[in-house]
$ cat final_21.cif   # mmCIF, N, CA, C and O atoms
data_upload
loop_
_atom_site.label_atom_id
_atom_site.label_comp_id
_atom_site.auth_asym_id
_atom_site.auth_seq_id
_atom_site.Cartn_x
_atom_site.Cartn_y
_atom_site.Cartn_z
N MET O 235 69.08 93.38 72.57
CA MET O 235 68.65 93.97 73.81
C MET O 235 69.70 94.99 74.23
O MET O 235 70.90 94.74 74.12
N THR O 236 69.26 96.12 74.69
CA THR O 236 70.18 97.15 75.16
C THR O 236 69.83 97.54 76.58
O THR O 236 68.72 97.31 77.05
N ALA O 237 70.79 98.13 77.26
CA ALA O 237 70.56 98.61 78.62
C ALA O 237 71.32 99.92 78.79
O ALA O 237 72.43 100.08 78.29
N ASP O 238 70.70 100.86 79.48
CA ASP O 238 71.36 102.11 79.83
C ASP O 238 71.56 102.09 81.34
O ASP O 238 70.59 101.95 82.09
N LEU O 239 72.80 102.21 81.77
CA LEU O 239 73.12 102.17 83.19
C LEU O 239 73.79 103.48 83.58
O LEU O 239 74.61 104.00 82.83
N ALA O 240 73.44 103.98 84.75
CA ALA O 240 74.09 105.18 85.27
C ALA O 240 74.34 104.96 86.76
O ALA O 240 73.44 104.56 87.49
N PHE O 241 75.57 105.18 87.16
CA PHE O 241 75.89 105.04 88.57
C PHE O 241 77.15 105.84 88.85
O PHE O 241 77.85 106.27 87.94
N GLY O 242 77.45 106.05 90.09
CA GLY O 242 78.66 106.77 90.45
C GLY O 242 78.90 106.71 91.93
O GLY O 242 77.97 106.70 92.72
N MET O 243 80.15 106.61 92.30
CA MET O 243 80.51 106.57 93.71
C MET O 243 80.99 107.94 94.20
O MET O 243 81.01 108.19 95.38
N LYS O 244 81.37 108.81 93.29
CA LYS O 244 81.89 110.12 93.69
C LYS O 244 80.83 111.21 93.57
O LYS O 244 81.10 112.36 93.83
N HIS O 245 79.64 110.85 93.15
CA HIS O 245 78.59 111.83 92.92
C HIS O 245 77.42 111.54 93.85
O HIS O 245 77.50 110.72 94.74
N SER O 246 76.31 112.18 93.61
CA SER O 246 75.14 111.93 94.44
C SER O 246 74.70 110.49 94.32
O SER O 246 74.91 109.83 93.32
N TYR O 247 74.08 110.00 95.38
CA TYR O 247 73.66 108.59 95.45
C TYR O 247 72.58 108.33 94.41
O TYR O 247 71.54 108.97 94.41
N ARG O 248 72.87 107.41 93.49
CA ARG O 248 71.88 107.01 92.48
C ARG O 248 72.02 105.51 92.25
O ARG O 248 73.07 105.04 91.87
N THR O 249 70.97 104.81 92.49
CA THR O 249 70.92 103.39 92.13
C THR O 249 69.49 103.10 91.72
O THR O 249 68.65 102.75 92.53
N SER O 250 69.23 103.25 90.47
CA SER O 250 67.89 103.01 89.97
C SER O 250 67.94 101.99 88.85
O SER O 250 68.97 101.81 88.22
N CYS O 251 66.83 101.32 88.66
CA CYS O 251 66.69 100.36 87.56
C CYS O 251 65.47 100.74 86.75
O CYS O 251 64.46 101.17 87.30
N GLU O 252 65.59 100.54 85.46
CA GLU O 252 64.44 100.74 84.60
C GLU O 252 64.45 99.63 83.56
O GLU O 252 65.46 99.35 82.94
N PHE O 253 63.32 98.97 83.43
CA PHE O 253 63.15 97.91 82.44
C PHE O 253 62.04 98.34 81.49
O PHE O 253 60.94 98.67 81.93
N ALA O 254 62.34 98.34 80.22
CA ALA O 254 61.35 98.75 79.22
C ALA O 254 61.12 97.60 78.25
O ALA O 254 62.06 96.92 77.85
N GLY O 255 59.87 97.38 77.92
CA GLY O 255 59.51 96.33 76.96
C GLY O 255 58.40 96.81 76.06
O GLY O 255 57.98 97.96 76.12
N SER O 256 57.89 95.91 75.26
CA SER O 256 56.85 96.28 74.30
C SER O 256 55.52 96.62 74.98
O SER O 256 54.71 97.34 74.43
N ALA O 257 55.30 96.11 76.20
CA ALA O 257 54.03 96.35 76.87
C ALA O 257 54.09 97.44 77.93
O ALA O 257 53.06 97.85 78.46
N GLY O 258 55.30 97.91 78.26
CA GLY O 258 55.37 98.94 79.28
C GLY O 258 56.76 99.09 79.84
O GLY O 258 57.74 98.63 79.26
N ARG O 259 56.81 99.74 81.02
CA ARG O 259 58.09 100.06 81.64
C ARG O 259 57.97 99.95 83.15
O ARG O 259 56.94 100.31 83.73
N LEU O 260 59.02 99.42 83.81
CA LEU O 260 59.11 99.36 85.27
C LEU O 260 60.28 100.22 85.70
O LEU O 260 61.35 100.17 85.08
N GLN O 261 60.10 100.97 86.78
CA GLN O 261 61.19 101.78 87.31
C GLN O 261 61.22 101.65 88.82
O GLN O 261 60.17 101.64 89.48
N LEU O 262 62.42 101.52 89.36
CA LEU O 262 62.60 101.42 90.81
C LEU O 262 63.81 102.25 91.20
O LEU O 262 64.90 102.09 90.63
N ASP O 263 63.63 103.18 92.14
CA ASP O 263 64.72 104.01 92.63
C ASP O 263 65.29 103.41 93.91
O ASP O 263 64.61 102.67 94.62
N ARG O 264 66.53 103.73 94.20
CA ARG O 264 67.23 103.29 95.41
C ARG O 264 67.16 101.77 95.55
O ARG O 264 66.74 101.24 96.56
N VAL O 265 67.59 101.10 94.50
CA VAL O 265 67.52 99.64 94.44
C VAL O 265 68.50 98.99 95.40
O VAL O 265 68.15 98.03 96.08
N PHE O 266 69.72 99.47 95.46
CA PHE O 266 70.74 98.85 96.28
C PHE O 266 70.98 99.65 97.54
O PHE O 266 71.11 100.87 97.50
N THR O 267 71.02 98.98 98.64
CA THR O 267 71.31 99.54 99.96
C THR O 267 70.47 100.77 100.33
O THR O 267 71.00 101.78 100.76
N PRO O 268 69.16 100.68 100.20
CA PRO O 268 68.35 101.79 100.70
C PRO O 268 68.40 101.80 102.22
O PRO O 268 68.67 100.76 102.84
N PRO O 269 68.17 102.94 102.85
CA PRO O 269 68.13 102.95 104.31
C PRO O 269 67.06 101.97 104.81
O PRO O 269 66.06 101.73 104.12
N PRO O 270 67.25 101.40 106.00
CA PRO O 270 66.31 100.40 106.52
C PRO O 270 64.87 100.88 106.62
O PRO O 270 63.94 100.08 106.55
N ASP O 271 64.67 102.18 106.77
CA ASP O 271 63.31 102.71 106.94
C ASP O 271 62.75 103.28 105.63
O ASP O 271 61.71 103.93 105.63
N PHE O 272 63.41 103.03 104.51
CA PHE O 272 62.99 103.58 103.22
C PHE O 272 62.04 102.63 102.51
O PHE O 272 62.43 101.51 102.18
N PRO O 273 60.79 103.03 102.26
CA PRO O 273 59.86 102.17 101.52
C PRO O 273 60.03 102.37 100.01
O PRO O 273 59.69 103.43 99.47
N PRO O 274 60.58 101.39 99.29
CA PRO O 274 60.78 101.54 97.85
C PRO O 274 59.45 101.66 97.09
O PRO O 274 58.43 101.11 97.51
N VAL O 275 59.49 102.38 95.99
CA VAL O 275 58.32 102.57 95.15
C VAL O 275 58.62 102.01 93.76
O VAL O 275 59.59 102.41 93.13
N VAL O 276 57.79 101.08 93.30
CA VAL O 276 57.91 100.54 91.94
C VAL O 276 56.93 101.31 91.08
O VAL O 276 55.74 101.38 91.38
N ARG O 277 57.44 101.90 90.01
CA ARG O 277 56.58 102.64 89.07
C ARG O 277 56.36 101.77 87.83
O ARG O 277 57.31 101.30 87.23
N ILE O 278 55.09 101.58 87.52
CA ILE O 278 54.70 100.75 86.38
C ILE O 278 53.99 101.64 85.38
O ILE O 278 53.00 102.28 85.71
N GLU O 279 54.50 101.67 84.18
CA GLU O 279 53.90 102.51 83.14
C GLU O 279 53.50 101.63 81.97
O GLU O 279 54.31 100.87 81.44
N ARG O 280 52.24 101.73 81.60
CA ARG O 280 51.71 100.99 80.45
C ARG O 280 51.07 101.97 79.48
O ARG O 280 50.91 103.15 79.81
N GLN O 281 50.67 101.48 78.36
CA GLN O 281 50.02 102.33 77.35
C GLN O 281 48.80 103.03 77.93
O GLN O 281 48.53 104.19 77.62
N ASP O 282 48.05 102.34 78.81
CA ASP O 282 46.79 102.88 79.32
C ASP O 282 46.90 103.57 80.67
O ASP O 282 45.90 103.92 81.28
N GLY O 283 48.11 103.76 81.20
CA GLY O 283 48.22 104.47 82.46
C GLY O 283 49.46 104.14 83.25
O GLY O 283 50.30 103.36 82.82
N ARG O 284 49.53 104.77 84.44
CA ARG O 284 50.66 104.59 85.33
C ARG O 284 50.17 104.11 86.68
O ARG O 284 49.07 104.43 87.10
N GLU O 285 51.04 103.37 87.37
CA GLU O 285 50.70 102.84 88.69
C GLU O 285 51.96 102.89 89.55
O GLU O 285 53.06 102.70 89.05
N GLU O 286 51.79 103.14 90.84
CA GLU O 286 52.90 103.09 91.78
C GLU O 286 52.57 102.09 92.86
O GLU O 286 51.48 102.12 93.43
N VAL O 287 53.51 101.20 93.15
CA VAL O 287 53.34 100.20 94.20
C VAL O 287 54.41 100.48 95.25
O VAL O 287 55.60 100.43 94.97
N VAL O 288 53.96 100.80 96.47
CA VAL O 288 54.89 101.07 97.56
C VAL O 288 55.17 99.75 98.29
O VAL O 288 54.25 99.09 98.77
N LEU O 289 56.44 99.40 98.35
CA LEU O 289 56.85 98.17 99.03
C LEU O 289 57.20 98.49 100.48
O LEU O 289 57.58 99.62 100.79
N PRO O 290 57.10 97.51 101.36
CA PRO O 290 57.46 97.78 102.76
C PRO O 290 58.96 98.03 102.92
O PRO O 290 59.77 97.44 102.20
N ALA O 291 59.30 98.90 103.85
CA ALA O 291 60.71 99.15 104.16
C ALA O 291 61.32 97.86 104.71
O ALA O 291 60.63 97.05 105.33
N ASP O 292 62.61 97.68 104.45
CA ASP O 292 63.29 96.47 104.92
C ASP O 292 64.77 96.79 105.09
O ASP O 292 65.30 97.69 104.45
N ASP O 293 65.43 96.05 105.95
CA ASP O 293 66.84 96.26 106.23
C ASP O 293 67.65 95.20 105.50
O ASP O 293 67.77 94.06 105.96
N GLN O 294 68.22 95.55 104.34
CA GLN O 294 68.95 94.58 103.53
C GLN O 294 70.16 94.00 104.26
O GLN O 294 70.43 92.81 104.17
N TYR O 295 70.89 94.83 104.98
CA TYR O 295 72.07 94.33 105.69
C TYR O 295 71.68 93.34 106.78
O TYR O 295 72.30 92.29 106.92
N ALA O 296 70.66 93.68 107.56
CA ALA O 296 70.22 92.77 108.62
C ALA O 296 69.75 91.45 108.02
O ALA O 296 70.00 90.37 108.58
N ASN O 297 69.08 91.49 106.87
CA ASN O 297 68.63 90.27 106.21
C ASN O 297 69.80 89.39 105.79
O ASN O 297 69.75 88.16 105.95
N VAL O 298 70.85 90.00 105.27
CA VAL O 298 72.03 89.23 104.85
C VAL O 298 72.69 88.57 106.05
O VAL O 298 73.04 87.38 106.01
N VAL O 299 72.86 89.31 107.14
CA VAL O 299 73.47 88.75 108.34
C VAL O 299 72.61 87.63 108.90
O VAL O 299 73.11 86.56 109.26
N ARG O 300 71.31 87.84 108.97
CA ARG O 300 70.38 86.82 109.47
C ARG O 300 70.47 85.55 108.61
O ARG O 300 70.51 84.44 109.12
N HIS O 301 70.51 85.72 107.31
CA HIS O 301 70.60 84.59 106.39
C HIS O 301 71.92 83.84 106.60
O HIS O 301 71.95 82.61 106.64
N PHE O 302 73.03 84.56 106.75
CA PHE O 302 74.33 83.94 106.97
C PHE O 302 74.33 83.15 108.28
O PHE O 302 74.79 81.99 108.31
N VAL O 303 73.83 83.74 109.35
CA VAL O 303 73.78 83.05 110.64
C VAL O 303 72.94 81.78 110.54
O VAL O 303 73.34 80.72 111.04
N HIS O 304 71.81 81.87 109.87
CA HIS O 304 70.96 80.69 109.70
C HIS O 304 71.69 79.59 108.93
O HIS O 304 71.65 78.41 109.32
N ALA O 305 72.40 79.96 107.86
CA ALA O 305 73.14 78.97 107.07
C ALA O 305 74.23 78.30 107.89
O ALA O 305 74.42 77.09 107.82
N VAL O 306 74.93 79.08 108.72
CA VAL O 306 75.99 78.52 109.56
C VAL O 306 75.40 77.59 110.62
O VAL O 306 75.91 76.48 110.83
N ARG O 307 74.33 77.99 111.25
CA ARG O 307 73.73 77.18 112.31
C ARG O 307 73.08 75.90 111.81
O ARG O 307 73.11 74.89 112.49
N THR O 308 72.47 75.96 110.64
CA THR O 308 71.74 74.79 110.16
C THR O 308 72.60 73.91 109.25
O THR O 308 72.24 72.77 109.00
N GLY O 309 73.70 74.46 108.75
CA GLY O 309 74.59 73.68 107.91
C GLY O 309 73.90 73.06 106.71
O GLY O 309 73.90 71.85 106.54
N THR O 310 73.30 73.89 105.87
CA THR O 310 72.58 73.39 104.69
C THR O 310 73.49 73.53 103.47
O THR O 310 73.41 74.51 102.74
N PRO O 311 74.34 72.51 103.21
CA PRO O 311 75.30 72.63 102.11
C PRO O 311 74.66 72.70 100.73
O PRO O 311 75.17 73.39 99.86
N ALA O 312 73.56 72.02 100.51
CA ALA O 312 72.93 72.05 99.18
C ALA O 312 72.48 73.47 98.85
O ALA O 312 72.69 73.96 97.74
N GLN O 313 71.87 74.13 99.81
CA GLN O 313 71.42 75.50 99.59
C GLN O 313 72.62 76.42 99.41
O GLN O 313 72.62 77.29 98.54
N ALA O 314 73.67 76.22 100.21
CA ALA O 314 74.87 77.05 100.10
C ALA O 314 75.51 76.89 98.73
O ALA O 314 75.96 77.86 98.13
N GLU O 315 75.56 75.66 98.23
CA GLU O 315 76.14 75.42 96.91
C GLU O 315 75.31 76.09 95.82
O GLU O 315 75.86 76.68 94.89
N ALA O 316 73.98 76.02 95.93
CA ALA O 316 73.11 76.66 94.95
C ALA O 316 73.31 78.17 94.97
O ALA O 316 73.36 78.82 93.92
N GLU O 317 73.42 78.75 96.16
CA GLU O 317 73.62 80.19 96.27
C GLU O 317 75.00 80.60 95.75
O GLU O 317 75.15 81.63 95.11
N ALA O 318 76.01 79.77 96.01
CA ALA O 318 77.34 80.06 95.50
C ALA O 318 77.34 80.04 93.97
O ALA O 318 77.95 80.90 93.33
N GLU O 319 76.65 79.06 93.38
CA GLU O 319 76.57 79.00 91.92
C GLU O 319 75.83 80.21 91.36
O GLU O 319 76.24 80.78 90.34
N ALA O 320 74.78 80.63 92.04
CA ALA O 320 74.04 81.82 91.59
C ALA O 320 74.94 83.05 91.66
O ALA O 320 74.91 83.90 90.76
N THR O 321 75.75 83.15 92.70
CA THR O 321 76.67 84.28 92.84
C THR O 321 77.71 84.27 91.73
O THR O 321 78.03 85.31 91.15
N LEU O 322 78.22 83.08 91.40
CA LEU O 322 79.19 82.97 90.31
C LEU O 322 78.57 83.33 88.97
O LEU O 322 79.20 84.00 88.14
N ARG O 323 77.31 82.91 88.74
CA ARG O 323 76.62 83.28 87.49
C ARG O 323 76.47 84.79 87.41
O ARG O 323 76.67 85.39 86.35
N GLN O 324 76.12 85.41 88.53
CA GLN O 324 75.97 86.85 88.54
C GLN O 324 77.31 87.54 88.25
O GLN O 324 77.37 88.50 87.48
N ALA O 325 78.39 87.04 88.84
CA ALA O 325 79.71 87.63 88.61
C ALA O 325 80.11 87.48 87.14
O ALA O 325 80.65 88.42 86.54
N ARG O 326 79.81 86.33 86.54
CA ARG O 326 80.12 86.13 85.11
C ARG O 326 79.31 87.10 84.25
O ARG O 326 79.81 87.67 83.30
N LEU O 327 78.04 87.29 84.61
CA LEU O 327 77.18 88.22 83.86
C LEU O 327 77.71 89.64 83.96
O LEU O 327 77.79 90.35 82.95
N VAL O 328 78.09 90.06 85.15
CA VAL O 328 78.64 91.41 85.32
C VAL O 328 79.90 91.56 84.47
O VAL O 328 80.10 92.57 83.79
N GLY O 329 80.76 90.55 84.48
CA GLY O 329 81.96 90.59 83.65
C GLY O 329 81.65 90.67 82.18
O GLY O 329 82.30 91.41 81.43
N GLU O 330 80.64 89.92 81.75
CA GLU O 330 80.25 89.95 80.33
C GLU O 330 79.68 91.32 79.95
O GLU O 330 80.01 91.86 78.89
N VAL O 331 78.85 91.87 80.81
CA VAL O 331 78.30 93.21 80.55
C VAL O 331 79.43 94.22 80.46
O VAL O 331 79.48 95.05 79.55
N GLU O 332 80.37 94.13 81.40
CA GLU O 332 81.49 95.07 81.40
C GLU O 332 82.33 94.94 80.14
O GLU O 332 82.75 95.95 79.55
N SER O 333 82.55 93.72 79.67
CA SER O 333 83.38 93.54 78.48
C SER O 333 82.70 94.05 77.21
O SER O 333 83.37 94.40 76.25
N ARG O 334 81.39 94.13 77.21
CA ARG O 334 80.66 94.60 76.02
C ARG O 334 80.21 96.05 76.12
O ARG O 334 79.72 96.61 75.16
N ALA O 335 80.39 96.63 77.28
CA ALA O 335 79.89 98.00 77.51
C ALA O 335 80.68 99.01 76.70
O ALA O 335 81.87 98.86 76.47
N VAL O 336 79.99 100.02 76.27
CA VAL O 336 80.62 101.15 75.60
C VAL O 336 80.80 102.22 76.66
O VAL O 336 79.83 102.69 77.25
N ARG O 337 82.02 102.56 76.91
CA ARG O 337 82.30 103.53 77.97
C ARG O 337 82.20 104.96 77.42
O ARG O 337 82.78 105.28 76.39
N VAL O 338 81.47 105.79 78.14
CA VAL O 338 81.30 107.18 77.75
C VAL O 338 81.80 108.04 78.91
O VAL O 338 81.29 107.93 80.02
N THR O 339 82.78 108.86 78.67
CA THR O 339 83.31 109.74 79.69
C THR O 339 82.83 111.15 79.41
O THR O 339 82.96 111.65 78.29
N VAL O 340 82.25 111.75 80.43
CA VAL O 340 81.71 113.10 80.26
C VAL O 340 82.62 114.09 80.94
O VAL O 340 83.16 113.91 81.94
#

$ encode --input "final_21.cif" --output "structure tokens"
Amino acid sequence: MTADLAFGMKHSYRTSCEFAGSAGRLQLDRVFTPPPDFPPVVRIERQDGREEVVLPADDQYANVVRHFVHAVRTGTPAQAEAEAEATLRQARLVGEVESRAVRVTV
């Protein structure tokens, strides 16, 4: 399995994902931290055509704060532990991807 990633903090804002498989391709622009009023568009491409699905705009930061406040107020340790483990798995995956990545400097 291969992945092509492009991102940059010193250049124009780009955070897109593309997943390609034997049956088609999914593409999503502005994946991370879109403005609260930005409705994301998922592009689905298959052998027999293309489709676009517009998702409702949402405020990712407000959702995170709301979720944190709820966790503090309700004190749900089992859920917190599961989320912490998921975060650690994600961090390990990012580290693994980074260790195997081929760096290309332009």

$ residues_around --input "final_21.cif" --residues "Cys251 of chain O" --least-positions-apart "5" --cutoff "4.5 Å" --atoms "all atoms listed in the file" --output "number ranges by chain"
O: 260-262

$ select_by_dssp --input "final_21.cif" --residues "chain O" --states "alpha helix (DSSP H)" --output "ChimeraX atom specification"
/O:294-308,311-334

$ atom_distance --input "final_21.cif" --atom1 "atom O of Glu315 of chain O" --atom2 "atom C of Leu327 of chain O"
17.1 Å

$ resolve_selection --input "final_21.cif" --expression "the PyMOL selection byres ((chain O and resi 268-272) around 8)" --output "list of chain:residue names"
O:Thr249, O:Asp263, O:Arg264, O:Val265, O:Phe266, O:Thr267, O:Pro273, O:Pro274, O:Val275, O:Leu289, O:Pro290, O:Ala291, O:Asp292, O:Asp293, O:Gln294, O:Tyr295

$ atom_distance --input "final_21.cif" --atom1 "atom C of Ser256 of chain O" --atom2 "atom N of Asp282 of chain O"
10.2 Å

$ closest_residue --input "final_21.cif" --among "O:Gln324, O:Arg337, O:Ala314, O:Gly258" --to "Gly283 of chain O" --atoms "all atoms listed in the file"
O:Gly258

$ axis_aligned_box --input "final_21.cif" --around "segment 271-290 of chain O" --padding-each-side "8 Å" --output "lines of an AutoDock Vina configuration file"
center_x = 55.3
center_y = 101.1
center_z = 92.1
size_x = 34.8
size_y = 23.3
size_z = 45.6

$ closest_residue --input "final_21.cif" --among "O:Ala257, O:Arg323, O:Ser333, O:Asn297" --to "Ile278 of chain O" --atoms "only N, CA, C and O atoms"
O:Ala257

$ atom_distance --input "final_21.cif" --atom1 "atom O of Ala254 of chain O" --atom2 "atom C of Arg280 of chain O"
12.2 Å

$ select_by_dssp --input "final_21.cif" --residues "segment 244-307 of chain O" --states "strand (DSSP E or B)" --output "list in words"
Cys251, Glu252, Phe253, Ala254, Gly258, Arg259, Leu260, Gln261, Leu262, Val275, Val276, Arg277, Ile278, Glu279, Arg280, Gly283, Arg284, Glu285, Glu286, Val287 and Val288 of chain O

$ decode --input "final_21.cif" --residues "segment 271-281 of chain O" --atoms "all heavy atoms" --output "short mmCIF file (atom, residue, chain, number, x, y, z; two decimals), in the first residue's frame"
data_model
loop_
_atom_site.label_atom_id
_atom_site.label_comp_id
_atom_site.auth_asym_id
_atom_site.auth_seq_id
_atom_site.Cartn_x
_atom_site.Cartn_y
_atom_site.Cartn_z
N ASP O 271 -17.93 27.71 8.98
CA ASP O 271 -19.03 27.85 8.02
C ASP O 271 -18.73 27.19 6.67
O ASP O 271 -19.46 27.37 5.71
CB ASP O 271 -19.36 29.33 7.81
CG ASP O 271 -18.17 30.13 7.30
OD1 ASP O 271 -17.03 29.62 7.33
OD2 ASP O 271 -18.38 31.28 6.87
N PHE O 272 -17.67 26.39 6.61
CA PHE O 272 -17.26 25.75 5.36
C PHE O 272 -17.91 24.38 5.21
O PHE O 272 -17.67 23.49 6.03
CB PHE O 272 -15.74 25.59 5.32
CG PHE O 272 -15.23 24.94 4.07
CD1 PHE O 272 -15.09 25.66 2.91
CD2 PHE O 272 -14.90 23.59 4.07
CE1 PHE O 272 -14.60 25.06 1.75
CE2 PHE O 272 -14.42 22.98 2.91
CZ PHE O 272 -14.28 23.72 1.76
N PRO O 273 -18.75 24.18 4.19
CA PRO O 273 -19.35 22.86 3.97
C PRO O 273 -18.42 21.97 3.14
O PRO O 273 -18.20 22.21 1.95
CB PRO O 273 -20.64 23.17 3.20
CG PRO O 273 -20.36 24.45 2.49
CD PRO O 273 -19.32 25.19 3.31
N PRO O 274 -17.81 20.94 3.74
CA PRO O 274 -16.90 20.07 3.00
C PRO O 274 -17.60 19.30 1.88
O PRO O 274 -18.79 18.98 1.99
CB PRO O 274 -16.38 19.09 4.05
CG PRO O 274 -16.77 19.66 5.36
CD PRO O 274 -17.94 20.54 5.12
N VAL O 275 -16.86 19.01 0.83
CA VAL O 275 -17.39 18.26 -0.30
C VAL O 275 -16.57 16.98 -0.47
O VAL O 275 -15.35 17.05 -0.59
CB VAL O 275 -17.33 19.09 -1.61
CG1 VAL O 275 -17.84 18.27 -2.79
CG2 VAL O 275 -18.11 20.38 -1.46
N VAL O 276 -17.24 15.84 -0.44
CA VAL O 276 -16.59 14.56 -0.69
C VAL O 276 -16.81 14.23 -2.16
O VAL O 276 -17.94 14.20 -2.63
CB VAL O 276 -17.18 13.44 0.19
CG1 VAL O 276 -16.51 12.10 -0.12
CG2 VAL O 276 -17.05 13.78 1.66
N ARG O 277 -15.71 14.00 -2.87
CA ARG O 277 -15.81 13.62 -4.29
C ARG O 277 -15.57 12.12 -4.41
O ARG O 277 -14.57 11.61 -3.92
CB ARG O 277 -14.79 14.40 -5.10
CG ARG O 277 -15.14 15.87 -5.18
CD ARG O 277 -14.06 16.69 -5.87
NE ARG O 277 -14.43 18.08 -5.89
CZ ARG O 277 -14.27 18.92 -4.86
NH1 ARG O 277 -13.75 18.48 -3.74
NH2 ARG O 277 -14.64 20.18 -4.94
N ILE O 278 -16.52 11.46 -5.05
CA ILE O 278 -16.46 10.01 -5.23
C ILE O 278 -16.36 9.73 -6.72
O ILE O 278 -17.22 10.15 -7.49
CB ILE O 278 -17.70 9.33 -4.64
CG1 ILE O 278 -17.87 9.72 -3.17
CG2 ILE O 278 -17.62 7.81 -4.80
CD1 ILE O 278 -19.23 9.42 -2.60
N GLU O 279 -15.33 9.03 -7.10
CA GLU O 279 -15.13 8.72 -8.52
C GLU O 279 -15.08 7.21 -8.68
O GLU O 279 -14.31 6.52 -8.02
CB GLU O 279 -13.82 9.35 -8.99
CG GLU O 279 -13.60 9.24 -10.47
CD GLU O 279 -12.35 9.99 -10.89
OE1 GLU O 279 -12.24 11.18 -10.56
OE2 GLU O 279 -11.50 9.37 -11.54
N ARG O 280 -15.93 6.71 -9.56
CA ARG O 280 -15.97 5.28 -9.87
C ARG O 280 -15.81 5.10 -11.37
O ARG O 280 -15.85 6.08 -12.12
CB ARG O 280 -17.30 4.67 -9.43
CG ARG O 280 -17.53 4.71 -7.94
CD ARG O 280 -18.85 3.99 -7.60
NE ARG O 280 -19.15 4.09 -6.18
CZ ARG O 280 -19.96 4.99 -5.64
NH1 ARG O 280 -20.57 5.88 -6.39
NH2 ARG O 280 -20.16 5.00 -4.34
N GLN O 281 -15.69 3.89 -11.79
CA GLN O 281 -15.55 3.59 -13.22
C GLN O 281 -16.71 4.18 -14.02
O GLN O 281 -16.53 4.67 -15.13
CB GLN O 281 -15.49 2.06 -13.42
CG GLN O 281 -15.27 1.62 -14.84
CD GLN O 281 -13.84 1.84 -15.29
OE1 GLN O 281 -12.95 2.06 -14.49
NE2 GLN O 281 -13.62 1.78 -16.59
#
